[in-house]
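The structure appears below as structure tokens.
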Amino acid sequence: MRLVIHSRKEPYSVRLGDIPGFSNLSSDEKVLNYTIRICGCGLSQNKPFCDGHHRLTTDEEEGKVYTYDLENKRIKAEEYYRKDMKY
Ligand code: FES
């Protein structure tokens, strides 16, 4: 079992040209300037890419732990994890 905590509420933006060695694969400026978005929230259904599910996290309160079921419904983490568990 593994519990992974994500606190980020937005994707990481990565410009292809900034990936080490990528310019060896393409010298096309349009390709090098293309930006991909990598999921930082952990909720994407299309990992590693962002699919917009991070919008579910916008009203999460700082310091609280949330979890989401397979239908993207927010559920109270305390109902799923022991209260004495250290995060
Ligand atoms: S950052 Fe996770 S879906 Fe967008």
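Labels for the structure tokens follow display order: chains A, B, ..., residues from 1 in each chain, ligands from 1.
Excluding segment 32-36 of chain A itself and any same-chain residue fewer than 3 positions from it, the protein and nucleic acid residues within 6 Å of it, counting only C-alpha atoms, are Ser13, Val14, Arg15, Leu16, Gly17 and Glu29 of chain A.
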Using the chain letters and numbers from this document, which residues of chain A does DSSP assign to strand (DSSP E or B), as a list in words?
->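 Matching residues for strand (DSSP E or B) in chain A are Tyr12, Ser13, Val14, Arg15, Thr35, Ile36, Arg37, Ile38, Phe49, Tyr66, Thr67, Tyr68, Arg74, Ile75 and Lys76 of chain A.
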Pairwise distance for atom CA of Ile19 of chain A and atom CA of Phe49 of chain A, rounded to one decimal in Å | 15.6 Å
Could the residues that lie within 12 Å of ligand 1, counting only C-alpha atoms and all ligand atoms, be listed as a ChimeraX atom specification?
-> /A:6-13,36-58,72
Could you pull out all residues of chain A with a DSSP call of alpha helix (DSSP H) and give them as a list in words?
->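 The alpha helix (DSSP H) subset of chain A is Glu29, Lys30, Val31 and Leu32 of chain A.
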For the residues in that selection, give me N, CA, C and O atoms as a short mmCIF file (atom, residue, chain, number, x, y, z; two decimals), in the first residue's frame.
data_model
loop_
_atom_site.label_atom_id
_atom_site.label_comp_id
_atom_site.auth_asym_id
_atom_site.auth_seq_id
_atom_site.Cartn_x
_atom_site.Cartn_y
_atom_site.Cartn_z
N GLU A 29 11.85 25.41 -34.31
CA GLU A 29 11.50 26.35 -33.24
C GLU A 29 10.08 26.13 -32.73
O GLU A 29 9.82 26.27 -31.54
N LYS A 30 9.17 25.81 -33.65
CA LYS A 30 7.78 25.58 -33.25
C LYS A 30 7.69 24.40 -32.29
O LYS A 30 6.98 24.44 -31.29
N VAL A 31 8.44 23.36 -32.58
CA VAL A 31 8.44 22.17 -31.70
C VAL A 31 9.15 22.51 -30.39
O VAL A 31 8.65 22.18 -29.30
N LEU A 32 10.29 23.18 -30.47
CA LEU A 32 11.06 23.50 -29.26
C LEU A 32 10.28 24.41 -28.32
O LEU A 32 10.43 24.33 -27.10
#
Do you know which residues are at most 10 Å from Ile75 of chain A counting only C-alpha atoms, after dropping those on the same chain fewer than 5 positions away, and could you put them as an MDAnalysis selection string?
-> chainID A and resid 65:69 80
